[in-house]
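Here is the file work-v2.cif (mmCIF, C-alpha atoms).
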data_query
loop_
_atom_site.label_atom_id
_atom_site.label_comp_id
_atom_site.auth_asym_id
_atom_site.auth_seq_id
_atom_site.Cartn_x
_atom_site.Cartn_y
_atom_site.Cartn_z
CA MET A 22 -49.22 -22.40 18.73
CA PHE A 23 -45.92 -24.25 19.14
CA GLU A 24 -46.33 -25.84 15.72
CA LYS A 25 -47.04 -22.42 14.22
CA LEU A 26 -43.87 -21.11 15.84
CA CYS A 27 -41.80 -24.03 14.49
CA LYS A 28 -43.20 -23.42 11.00
CA LEU A 29 -42.26 -19.75 11.19
CA ILE A 30 -38.75 -20.57 12.41
CA ALA A 31 -38.34 -23.17 9.64
CA GLU A 32 -39.33 -20.57 7.04
CA GLN A 33 -37.03 -17.92 8.50
CA PHE A 34 -34.01 -20.22 8.51
CA GLY A 35 -34.82 -22.21 5.40
CA VAL A 36 -34.91 -25.60 7.13
CA ASP A 37 -37.36 -28.51 7.19
CA PRO A 38 -40.07 -27.80 9.82
CA GLU A 39 -39.72 -31.43 11.01
CA THR A 40 -36.18 -30.64 12.17
CA VAL A 41 -37.26 -27.79 14.45
CA THR A 42 -37.85 -28.99 18.00
CA ALA A 43 -37.96 -27.41 21.45
CA ASP A 44 -34.30 -28.37 21.91
CA SER A 45 -33.14 -26.78 18.63
CA ALA A 46 -30.55 -24.14 19.49
CA PHE A 47 -30.74 -21.04 17.37
CA VAL A 48 -27.01 -20.49 17.08
CA ASP A 49 -25.62 -24.02 17.23
CA ASP A 50 -28.32 -25.91 15.31
CA LEU A 51 -29.92 -23.31 13.06
CA GLY A 52 -26.80 -21.25 12.38
CA ALA A 53 -28.42 -18.00 13.48
CA ASP A 54 -26.51 -14.78 14.00
CA SER A 55 -27.57 -11.45 15.50
CA VAL A 56 -29.17 -10.23 12.27
CA ASP A 57 -31.17 -13.48 11.93
CA LEU A 58 -32.42 -13.14 15.51
CA MET A 59 -33.50 -9.52 15.02
CA ASP A 60 -35.23 -10.60 11.84
CA LEU A 61 -37.00 -13.40 13.75
CA SER A 62 -38.06 -10.97 16.46
CA MET A 63 -39.71 -8.75 13.84
CA ALA A 64 -41.37 -11.77 12.22
CA LEU A 65 -42.80 -12.79 15.61
CA GLU A 66 -44.19 -9.29 16.00
CA GLU A 67 -45.93 -9.53 12.63
CA GLU A 68 -47.19 -13.09 13.03
CA PHE A 69 -48.20 -13.19 16.69
CA GLY A 70 -48.60 -9.53 17.57
CA MET A 71 -45.83 -9.93 20.12
CA GLU A 72 -44.00 -6.82 21.20
CA GLU A 73 -40.55 -6.65 19.74
CA MET A 74 -37.89 -8.20 21.91
CA ASP A 75 -35.04 -6.05 23.17
CA SER A 76 -31.44 -7.17 22.71
CA GLU A 77 -31.17 -8.50 26.28
CA ASP A 78 -34.18 -10.74 25.80
CA ILE A 79 -32.86 -11.92 22.45
CA GLU A 80 -29.50 -12.81 24.01
CA SER A 81 -31.16 -14.83 26.80
CA ILE A 82 -32.95 -17.12 24.34
CA VAL A 83 -30.88 -20.13 23.36
CA THR A 84 -33.39 -22.71 22.13
CA VAL A 85 -36.76 -22.78 20.44
CA GLY A 86 -38.17 -23.99 23.77
CA ASP A 87 -36.79 -20.88 25.50
CA LEU A 88 -38.50 -18.73 22.89
CA TYR A 89 -41.83 -20.52 23.29
CA LYS A 90 -41.62 -20.04 27.07
CA TYR A 91 -40.94 -16.33 26.51
CA MET A 92 -43.96 -16.10 24.24
CA GLN A 93 -46.16 -17.79 26.82
CA GLU A 94 -45.06 -15.21 29.39
CA HIS A 95 -45.67 -12.24 27.10
CA LEU A 96 -48.73 -13.31 25.16
CA ASP A 97 -52.13 -14.53 26.24
CA ILE A 98 -51.51 -18.23 25.35
CA MET B 169 -40.81 2.16 -13.77
CA ARG B 170 -41.17 4.02 -10.49
CA ILE B 171 -38.20 4.89 -8.32
CA ILE B 172 -38.61 5.88 -4.67
CA VAL B 173 -36.07 8.48 -3.54
CA ASP B 174 -35.21 9.48 0.00
CA ALA B 175 -35.44 13.25 -0.40
CA MET B 176 -33.98 14.00 3.03
CA GLY B 177 -30.87 11.78 3.00
CA GLY B 178 -27.36 13.08 2.33
CA ASP B 179 -25.38 16.26 2.86
CA ASN B 180 -27.17 18.17 0.10
CA ALA B 181 -30.76 17.18 0.80
CA PRO B 182 -33.37 17.97 -0.27
CA GLN B 183 -31.86 20.03 -3.14
CA ALA B 184 -29.71 17.24 -4.62
CA PRO B 185 -32.42 14.51 -4.55
CA VAL B 186 -34.92 16.98 -6.05
CA GLN B 187 -32.54 18.04 -8.85
CA GLY B 188 -31.65 14.41 -9.52
CA ALA B 189 -35.30 13.43 -9.66
CA LEU B 190 -36.18 16.21 -12.12
CA GLN B 191 -33.26 15.28 -14.40
CA ALA B 192 -34.05 11.56 -14.21
CA ILE B 193 -37.70 12.05 -15.14
CA LYS B 194 -36.67 14.04 -18.20
CA GLU B 195 -33.80 11.82 -19.33
CA TYR B 196 -35.04 8.33 -18.47
CA GLY B 197 -38.81 8.72 -18.62
CA VAL B 198 -39.26 7.18 -15.18
CA GLU B 199 -41.59 8.15 -12.37
CA VAL B 200 -40.04 9.31 -9.13
CA VAL B 201 -41.59 9.38 -5.67
CA LEU B 202 -39.78 11.83 -3.41
CA VAL B 203 -40.17 10.87 0.25
CA GLY B 204 -39.62 13.48 2.92
CA ARG B 205 -40.94 16.69 4.43
CA GLY B 206 -43.37 17.96 1.83
CA GLU B 207 -42.79 21.62 2.56
CA ASP B 208 -39.00 21.26 2.20
CA ILE B 209 -39.35 19.36 -1.06
CA LEU B 210 -41.73 21.95 -2.50
CA GLU B 211 -39.34 24.73 -1.51
CA ALA B 212 -36.46 22.92 -3.23
CA LEU B 213 -38.63 22.52 -6.35
CA GLN B 214 -39.38 26.24 -6.35
CA GLU B 215 -35.66 26.96 -6.12
CA GLN B 216 -35.38 24.98 -9.37
CA GLY B 217 -38.06 27.13 -10.94
CA VAL B 218 -40.67 24.39 -10.70
CA ALA B 219 -43.96 25.76 -9.42
CA GLU B 220 -46.14 22.69 -10.01
CA LEU B 221 -45.29 19.02 -9.73
CA PRO B 222 -44.26 17.84 -13.21
CA GLN B 223 -45.75 14.68 -14.67
CA GLY B 224 -44.01 11.64 -13.23
CA LEU B 225 -43.09 13.27 -9.92
CA SER B 226 -44.97 12.73 -6.69
CA ILE B 227 -44.30 13.40 -3.03
CA THR B 228 -44.97 11.12 -0.05
CA HIS B 229 -44.74 13.06 3.17
CA ALA B 230 -42.51 11.84 5.99
CA ASP B 231 -41.96 14.08 8.98
CA GLN B 232 -38.78 12.65 10.46
CA VAL B 233 -35.23 12.36 9.21
CA VAL B 234 -32.66 9.74 10.20
CA GLU B 235 -29.60 11.77 11.19
CA MET B 236 -26.00 10.59 11.01
CA CYS B 237 -25.86 10.64 14.83
CA ASP B 238 -28.79 8.21 15.18
CA ASN B 239 -28.04 4.59 16.05
CA PRO B 240 -27.89 3.00 12.57
CA ALA B 241 -29.03 -0.41 13.83
CA THR B 242 -32.29 0.89 15.28
CA ALA B 243 -32.96 4.28 13.62
CA PHE B 244 -35.36 2.83 11.07
CA LYS B 245 -37.50 1.44 13.94
CA GLU B 246 -37.24 4.44 16.26
CA LYS B 247 -38.14 6.91 13.51
CA LYS B 248 -41.02 5.12 11.81
CA ASP B 249 -42.06 8.33 10.03
CA SER B 250 -38.62 9.04 8.61
CA SER B 251 -38.05 9.42 4.87
CA LEU B 252 -35.85 6.30 5.08
CA THR B 253 -38.39 4.06 6.82
CA VAL B 254 -41.39 5.33 4.85
CA GLY B 255 -39.44 4.91 1.60
CA LEU B 256 -38.37 1.34 2.45
CA ASN B 257 -41.95 0.46 3.40
CA LEU B 258 -43.18 1.81 0.05
CA LEU B 259 -40.62 -0.43 -1.66
CA LYS B 260 -41.66 -3.40 0.44
CA SER B 261 -45.33 -2.94 -0.42
CA GLY B 262 -44.57 -2.75 -4.14
CA GLU B 263 -45.32 0.94 -4.60
CA GLY B 264 -42.01 1.42 -6.33
CA ASP B 265 -39.48 -0.67 -8.23
CA ALA B 266 -36.36 0.47 -6.38
CA PHE B 267 -35.24 2.76 -3.57
CA VAL B 268 -32.41 5.30 -3.59
CA SER B 269 -30.96 7.03 -0.54
CA ALA B 270 -27.89 9.16 0.12
CA GLY B 271 -28.49 9.04 3.88
CA SER B 272 -26.94 6.94 6.63
CA THR B 273 -25.45 3.77 5.14
CA GLY B 274 -25.85 1.77 8.36
CA ALA B 275 -29.47 2.77 8.80
CA LEU B 276 -30.22 1.96 5.17
CA LEU B 277 -28.59 -1.46 5.50
CA SER B 278 -30.41 -2.29 8.73
CA GLY B 279 -33.70 -1.01 7.39
CA ALA B 280 -33.38 -2.80 4.05
CA THR B 281 -32.36 -6.07 5.75
CA LEU B 282 -35.09 -6.06 8.37
CA LEU B 283 -37.97 -4.28 6.60
CA VAL B 284 -37.62 -5.16 2.92
CA LYS B 285 -35.89 -8.43 3.90
CA ARG B 286 -33.11 -10.46 2.42
CA ILE B 287 -33.70 -12.86 -0.43
CA LYS B 288 -34.53 -16.16 1.28
CA GLY B 289 -31.33 -18.09 1.92
CA ILE B 290 -29.01 -15.09 1.63
CA ARG B 291 -27.15 -14.70 4.91
CA ARG B 292 -26.00 -11.12 4.48
CA ALA B 293 -26.71 -8.26 2.12
CA ALA B 294 -23.55 -6.82 0.62
CA MET B 295 -22.56 -3.44 -0.72
CA ALA B 296 -21.20 -3.83 -4.22
CA PRO B 297 -19.71 -0.70 -5.78
CA VAL B 298 -18.18 -0.76 -9.24
CA VAL B 299 -14.59 0.43 -8.73
CA PRO B 300 -12.52 1.91 -11.55
CA THR B 301 -10.03 -0.69 -12.77
CA GLY B 302 -7.97 -1.41 -15.84
CA GLY B 303 -10.68 -3.70 -17.17
CA GLY B 304 -13.31 -0.97 -17.35
CA GLY B 305 -14.55 -1.35 -13.79
CA SER B 306 -14.94 -4.29 -11.40
CA VAL B 307 -17.63 -5.15 -8.86
CA LEU B 308 -16.18 -5.12 -5.34
CA ILE B 309 -18.32 -7.23 -2.99
CA ASP B 310 -18.49 -6.66 -0.02
CA CYS B 311 -17.10 -3.17 0.59
CA GLY B 312 -18.21 -2.83 4.21
CA ALA B 313 -21.78 -3.99 4.90
CA THR B 314 -20.44 -6.82 7.09
CA ALA B 315 -17.09 -6.24 8.78
CA GLU B 316 -16.36 -9.90 9.43
CA GLY B 317 -17.28 -12.65 7.00
CA THR B 318 -17.72 -16.38 6.92
CA PRO B 319 -16.79 -18.63 3.99
CA GLU B 320 -20.50 -18.99 3.20
CA PHE B 321 -20.93 -15.21 3.04
CA LEU B 322 -18.03 -14.95 0.59
CA LEU B 323 -19.47 -17.72 -1.56
CA GLN B 324 -22.77 -15.87 -1.73
CA PHE B 325 -21.01 -12.56 -2.45
CA ALA B 326 -19.20 -14.25 -5.35
CA PHE B 327 -22.43 -15.41 -6.96
CA MET B 328 -24.25 -12.11 -6.40
CA GLY B 329 -21.30 -10.10 -7.72
CA SER B 330 -21.08 -12.36 -10.76
CA TYR B 331 -24.77 -11.86 -11.61
CA TYR B 332 -24.35 -8.11 -11.24
CA ALA B 333 -21.27 -8.03 -13.48
CA GLU B 334 -23.06 -10.11 -16.08
CA ARG B 335 -26.45 -8.39 -16.06
CA VAL B 336 -25.51 -4.78 -15.40
CA LEU B 337 -21.92 -4.45 -16.64
CA GLY B 338 -22.58 -6.80 -19.55
CA ARG B 339 -19.60 -9.08 -18.90
CA PRO B 340 -20.11 -12.58 -20.30
CA GLU B 341 -18.86 -15.19 -17.79
CA PRO B 342 -17.47 -12.65 -15.32
CA ARG B 343 -14.05 -13.53 -13.89
CA VAL B 344 -14.39 -13.83 -10.13
CA GLY B 345 -11.33 -13.35 -7.91
CA LEU B 346 -10.92 -13.70 -4.14
CA LEU B 347 -9.04 -10.72 -2.71
CA ASN B 348 -5.97 -12.10 -1.01
CA ILE B 349 -2.31 -11.48 -0.18
CA GLY B 350 -1.02 -13.97 -2.71
CA ALA B 351 -2.03 -16.31 -5.51
CA GLU B 352 -1.63 -19.69 -3.83
CA PRO B 353 -4.72 -21.37 -2.31
CA SER B 354 -2.87 -21.59 1.01
CA LYS B 355 -2.59 -17.79 1.31
CA GLY B 356 -4.60 -15.62 3.66
CA THR B 357 -6.39 -16.38 6.89
CA GLY B 358 -8.67 -19.35 7.52
CA LEU B 359 -11.52 -17.34 6.01
CA GLN B 360 -9.81 -16.92 2.64
CA ARG B 361 -8.54 -20.52 2.57
CA GLU B 362 -11.99 -21.99 3.28
CA ALA B 363 -13.70 -19.59 0.90
CA TYR B 364 -11.20 -20.53 -1.81
CA GLN B 365 -12.25 -24.19 -1.52
CA LEU B 366 -15.94 -23.31 -1.80
CA LEU B 367 -15.35 -21.07 -4.81
CA GLN B 368 -13.17 -23.69 -6.47
CA LYS B 369 -15.93 -26.27 -6.01
CA ALA B 370 -18.46 -23.89 -7.57
CA LYS B 371 -16.11 -23.49 -10.52
CA GLU B 372 -15.72 -27.26 -10.93
CA GLU B 373 -19.52 -27.56 -10.96
CA GLY B 374 -19.63 -25.02 -13.76
CA ARG B 375 -21.52 -22.44 -11.72
CA LEU B 376 -18.92 -19.73 -11.33
CA ASN B 377 -15.95 -18.52 -13.36
CA PHE B 378 -13.63 -18.42 -10.34
CA VAL B 379 -10.11 -17.53 -11.46
CA GLY B 380 -8.44 -17.87 -8.05
CA ASN B 381 -6.95 -15.44 -5.57
CA VAL B 382 -6.28 -11.92 -6.76
CA GLU B 383 -3.92 -9.47 -5.15
CA ALA B 384 -5.02 -5.85 -4.77
CA ARG B 385 -2.60 -4.60 -7.41
CA GLU B 386 -3.82 -7.11 -10.02
CA ALA B 387 -7.42 -6.30 -9.13
CA VAL B 388 -6.83 -2.60 -9.82
CA GLU B 389 -5.11 -3.50 -13.09
CA GLY B 390 -8.30 -5.27 -14.17
CA ALA B 391 -7.47 -8.96 -13.75
CA VAL B 392 -11.02 -9.78 -12.63
CA ASP B 393 -14.58 -8.53 -13.12
CA VAL B 394 -15.65 -9.37 -9.56
CA ILE B 395 -13.48 -8.84 -6.47
CA VAL B 396 -14.79 -10.95 -3.58
CA SER B 397 -13.86 -9.83 -0.10
CA ASP B 398 -14.97 -9.66 3.51
CA GLY B 399 -16.31 -6.21 4.30
CA TYR B 400 -13.32 -5.09 6.36
CA SER B 401 -10.71 -5.81 3.68
CA GLY B 402 -13.04 -4.61 0.95
CA ASN B 403 -13.53 -1.27 2.63
CA ILE B 404 -9.77 -0.77 2.98
CA PHE B 405 -9.30 -1.67 -0.68
CA LEU B 406 -12.03 0.74 -1.77
CA LYS B 407 -10.67 3.67 0.24
CA ALA B 408 -7.13 2.97 -1.01
CA VAL B 409 -8.31 3.05 -4.63
CA GLU B 410 -10.28 6.26 -4.00
CA GLY B 411 -7.31 7.87 -2.28
CA ALA B 412 -4.88 6.82 -5.03
CA GLY B 413 -7.22 8.28 -7.61
CA LEU B 414 -7.43 11.60 -5.79
CA PHE B 415 -3.67 11.71 -5.28
CA LEU B 416 -3.01 10.96 -8.96
CA SER B 417 -5.48 13.62 -10.12
CA ARG B 418 -3.98 16.23 -7.83
CA GLU B 419 -0.42 15.49 -8.92
CA MET B 420 -1.39 15.58 -12.59
CA LYS B 421 -3.09 18.93 -12.10
CA LYS B 422 0.02 20.34 -10.38
CA MET B 423 2.14 19.03 -13.23
CA PHE B 424 -0.05 20.60 -15.91
CA MET B 425 -0.26 23.95 -14.10
CA LYS B 426 3.51 24.15 -13.62
CA ASN B 427 4.37 26.59 -16.42
CA PHE B 428 3.19 27.98 -19.74
CA LYS B 429 4.35 24.94 -21.76
CA THR B 430 2.57 22.45 -19.53
CA LYS B 431 -0.59 24.58 -19.55
CA ILE B 432 -0.59 24.49 -23.35
CA ALA B 433 -0.13 20.74 -23.17
CA ALA B 434 -3.14 20.54 -20.85
CA LEU B 435 -5.21 22.58 -23.30
CA LEU B 436 -4.25 20.28 -26.17
CA MET B 437 -5.19 17.26 -24.08
CA LYS B 438 -8.38 18.80 -22.72
CA ASP B 439 -10.77 16.10 -24.01
CA GLY B 440 -8.56 13.26 -22.83
CA LEU B 441 -8.15 14.83 -19.42
CA ARG B 442 -11.89 15.28 -19.09
CA ASP B 443 -12.44 11.59 -19.93
CA PHE B 444 -9.77 10.63 -17.42
CA LYS B 445 -11.43 12.75 -14.74
CA LYS B 446 -14.79 11.09 -15.46
CA LEU B 447 -13.17 7.70 -14.95
CA LEU B 448 -12.39 8.56 -11.35
CA ASP B 449 -15.51 10.61 -10.63
CA ALA B 450 -17.90 8.83 -8.25
CA ASN B 451 -20.67 11.21 -9.37
CA GLU B 452 -20.63 9.49 -12.76
CA VAL B 453 -21.47 6.11 -11.24
CA GLY B 454 -24.14 7.38 -8.90
CA GLY B 455 -24.19 4.90 -6.07
CA THR B 456 -23.66 1.41 -4.75
CA ALA B 457 -26.05 -1.49 -5.12
CA LEU B 458 -27.09 -3.44 -2.03
CA LEU B 459 -27.11 -7.04 -3.25
CA GLY B 460 -29.04 -9.73 -1.41
CA ILE B 461 -32.06 -7.61 -0.52
CA SER B 462 -35.34 -8.84 -2.04
CA ARG B 463 -35.98 -5.55 -3.89
CA PRO B 464 -33.44 -3.19 -5.53
CA VAL B 465 -31.81 -0.67 -3.21
CA ILE B 466 -29.10 1.82 -4.18
CA LYS B 467 -26.97 3.74 -1.69
CA ALA B 468 -25.89 7.05 -3.17
CA HIS B 469 -22.80 8.75 -1.81
CA GLY B 470 -23.52 11.03 1.14
CA SER B 471 -22.08 14.05 -0.65
CA SER B 472 -24.00 13.40 -3.89
CA ASN B 473 -24.99 16.44 -5.91
CA GLY B 474 -27.98 16.53 -8.27
CA TYR B 475 -26.00 14.93 -11.12
CA ALA B 476 -24.89 12.06 -8.89
CA MET B 477 -28.45 11.53 -7.65
CA LYS B 478 -29.66 11.41 -11.25
CA ASN B 479 -27.08 8.72 -11.97
CA ALA B 480 -28.06 6.85 -8.80
CA ILE B 481 -31.65 6.81 -10.07
CA ARG B 482 -30.39 5.56 -13.45
CA GLN B 483 -28.53 2.82 -11.61
CA ALA B 484 -31.72 1.91 -9.73
CA VAL B 485 -33.54 1.58 -13.05
CA GLU B 486 -30.80 -0.67 -14.47
CA PHE B 487 -30.76 -2.75 -11.31
CA SER B 488 -34.51 -3.15 -11.38
CA ARG B 489 -34.56 -4.17 -15.05
CA SER B 490 -31.58 -6.51 -14.77
CA GLY B 491 -33.28 -9.54 -13.21
CA ILE B 492 -30.46 -10.02 -10.68
CA VAL B 493 -32.87 -10.52 -7.79
CA GLU B 494 -34.51 -13.36 -9.72
CA ASP B 495 -31.10 -14.83 -10.62
CA ILE B 496 -30.10 -14.90 -6.96
CA THR B 497 -33.46 -16.30 -5.83
CA GLU B 498 -33.38 -19.13 -8.39
CA ASN B 499 -29.80 -20.13 -7.57
CA VAL B 500 -29.60 -19.58 -3.83
CA GLU B 501 -29.51 -23.33 -3.10
CA HIS B 502 -26.07 -23.49 -4.79
CA MET B 503 -24.84 -20.74 -2.49
CA ARG B 504 -25.78 -22.31 0.83
CA LEU B 505 -23.25 -24.17 2.89
CA THR B 506 -25.82 -26.43 4.57
CA ALA B 507 -27.42 -27.53 1.31
CA ARG B 508 -24.00 -27.92 -0.31
CA SER B 509 -22.64 -29.93 2.65
CA ALA B 510 -25.69 -32.17 2.60
CA ALA B 511 -25.31 -32.73 -1.12
CA ALA B 512 -21.61 -33.50 -0.71
CA ASP B 513 -22.02 -36.20 1.94
CA GLY B 514 -25.16 -37.64 0.41
CA SER B 515 -27.35 -36.93 3.44
CA GLY B 516 -31.01 -36.13 2.91
CA GLU B 517 -31.42 -38.65 0.11
#
Take the structure I supplied and represent it as structure tokens, if you would.
Amino acid sequence: MFEKLCKLIAEQFGVDPETVTADSAFVDDLGADSVDLMDLSMALEEEFGMEEMDSEDIESIVTVGDLYKYMQEHLDI
Amino acid sequence: MRIIVDAMGGDNAPQAPVQGALQAIKEYGVEVVLVGRGEDILEALQEQGVAELPQGLSITHADQVVEMCDNPATAFKEKKDSSLTVGLNLLKSGEGDAFVSAGSTGALLSGATLLVKRIKGIRRAAMAPVVPTGGGGSVLIDCGATAEGTPEFLLQFAFMGSYYAERVLGRPEPRVGLLNIGAEPSKGTGLQREAYQLLQKAKEEGRLNFVGNVEAREAVEGAVDVIVSDGYSGNIFLKAVEGAGLFLSREMKKMFMKNFKTKIAALLMKDGLRDFKKLLDANEVGGTALLGISRPVIKAHGSSNGYAMKNAIRQAVEFSRSGIVEDITENVEHMRLTARSAAADGSGE
């Protein structure tokens, strides 16, 4: 599941999947802004059936690891 | 060619979108899908003396309407059965070649960005109206989709604007200028100075005909075919040009109506004055292209009448046929700061 998430993130941000790790920070490492994060949230909904994240949740997620932890809490994985 | 039209967006909906659709089908031979409340659309058709759906026209029902008071960032999600959201989803699924709406600009931008999606690698979609200038019109990009910009955004705007000027306006090697407060590369804020360097590099690589900074006055005089700007400055520029045009028209009318002699002069110059009026008439253009979205989207002016909507549909057809989306997709690697930085320092080899 984590690999699938990294692949999705790599596609969304146009980076090499090998460079996406749990420590990758969305803003500092992947250059994400608010529009990118909303876009990612919708992609997660489509790919994993996860309920769309509200803006507070989006703001609390700094790294890919944070996101994976959030997914574990909100999905049956 | 099938154009999807938001029948409920704009001050004069659904009458204006319906009139525009009927005219477009007749004049351009396209198919139009009107999206909105079916009963309202049918009533508007009857007002036009149309009892049965003509060939080429279809209706997709959508019960909700995104209002101007709705939160533009989330309206497309909160009103999933709105003419805007249903229309964008039809575009996304390939059931039309382009989408036209005169409704909320913010909601259209958010919806297009997050439903239809940006072209991969494009950081921000931009609104790119063609403003009347001495050179026969120039593409202004961005005119307000993104208030604040980054140098990378401006680089991408420059490329997208250049493709639009070339493919739709027919300008060979469009001259691209960076809107600034002076000609020297050192002018402007950090944003303009950094963007200047990126644009200059693109020029040296033979990818862009960047002619340097351009002041607002020179831009209006027609010094460039593409005016690159952050959304905040671009919006101010656009409104200033619109206001100057209105002021000039009003003063000319006062002058010609002054006395009998001037009225005769106006009569003698009737054709020229009509052509001049057309030059400044936004209804003639139709709308504004959203560049950077993966399928063609046109934002028509909120106060569009039927004639303006017809021209917006024409613009959607031109946009769809132009191949700009493919141009951007094929060249996006040259517009990305990360890829360009990696290439410059030799990393990744």
Set out as a Markdown table a contact list for chain B and chain A with a cut-off of 10 Å, giving each residue of chain B that qualifies its closest atom pair and distance in Å to one decimal, counting all atoms listed in the file, ordered by chain and rising residue number.
| residue | atom | partner | partner_atom | distance |
| --- | --- | --- | --- | --- |
| B:Ala241 | CA | A:Val56 | CA | 9.9 |
| B:Ser278 | CA | A:Val56 | CA | 8.8 |
| B:Thr281 | CA | A:Asp60 | CA | 8.1 |
| B:Leu282 | CA | A:Asp60 | CA | 5.7 |
| B:Leu283 | CA | A:Asp60 | CA | 8.7 |
| B:Lys285 | CA | A:Asp60 | CA | 8.3 |
| B:Arg286 | CA | A:Asp60 | CA | 9.7 |
| B:Lys288 | CA | A:Gly35 | CA | 7.3 |
| B:Gly289 | CA | A:Gly35 | CA | 6.4 |
| B:Ile290 | CA | A:Phe34 | CA | 9.9 |
| B:Arg291 | CA | A:Asp57 | CA | 8.2 |
| B:Arg292 | CA | A:Val56 | CA | 8.5 |
| B:Thr506 | CA | A:Gly52 | CA | 9.4 |
| B:Ala507 | CA | A:Val36 | CA | 9.7 |
Using the chain letters and residue numbers of this document, give as a compact mmCIF listing (two decimals) with C-alpha atoms, in the coordinates of the input the residues selected by the PyMOL selection byres ((chain A and resi 96) around 9).
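The result, written out as out.txt:
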# COMPACT_ATOMS: atom_id res chain seq x y z
CA PHE A 69 -48.20 -13.19 16.69
CA GLY A 70 -48.60 -9.53 17.57
CA MET A 71 -45.83 -9.93 20.12
CA GLU A 72 -44.00 -6.82 21.20
CA TYR A 91 -40.94 -16.33 26.51
CA MET A 92 -43.96 -16.10 24.24
CA GLN A 93 -46.16 -17.79 26.82
CA GLU A 94 -45.06 -15.21 29.39
CA HIS A 95 -45.67 -12.24 27.10
CA ASP A 97 -52.13 -14.53 26.24
CA ILE A 98 -51.51 -18.23 25.35
Picked residues, the PyMOL selection byres ((chain A and resi 83) around 9), as a list of chain:residue names: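 Applied to this file, the PyMOL selection byres ((chain A and resi 83) around 9) selects A:Ser45, A:Ala46, A:Phe47, A:Val48, A:Asp49, A:Ile79, A:Glu80, A:Ser81, A:Ile82, A:Thr84, A:Val85, A:Gly86, A:Asp87, A:Leu88.
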Point-to-point distance in Å for atom CA of Ala457 of chain B and atom CA of Glu389 of chain B: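 Those two atoms sit 22.5 Å apart.
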Counting all atoms listed in the file, which of B:Gly474, B:Gly491, B:Gly312, B:Gly350 gets nearest to Ala212 of chain B? B:Gly474
I need the residue set behind the PyMOL selection byres ((chain B and resi 250) around 12) for this file; please write it as a PyMOL selection string. chain B and resi 174-177+203-205+228-235+238+243-249+251-257+271+275-276+279
Excluding same-chain residues fewer than 6 positions from Asp37 of chain A, what lies within 10 Å of it counting only C-alpha atoms, as a ChimeraX atom specification? /A:27-28,30-31
Separation of atom CA of Ala184 of chain B from atom CA of Glu220 of chain B in Å: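 Calculated distance between atom CA of Glu220 of chain B and atom CA of Ala184 of chain B is 18.1 Å.
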Could you tell me, as a ChimeraX atom specification, which residues have any atom at most 8 Å from (-32.7, 4.0, -5.4), counting all atoms listed in the file? /B:171-173,266-269,464-468,480-481,483-484
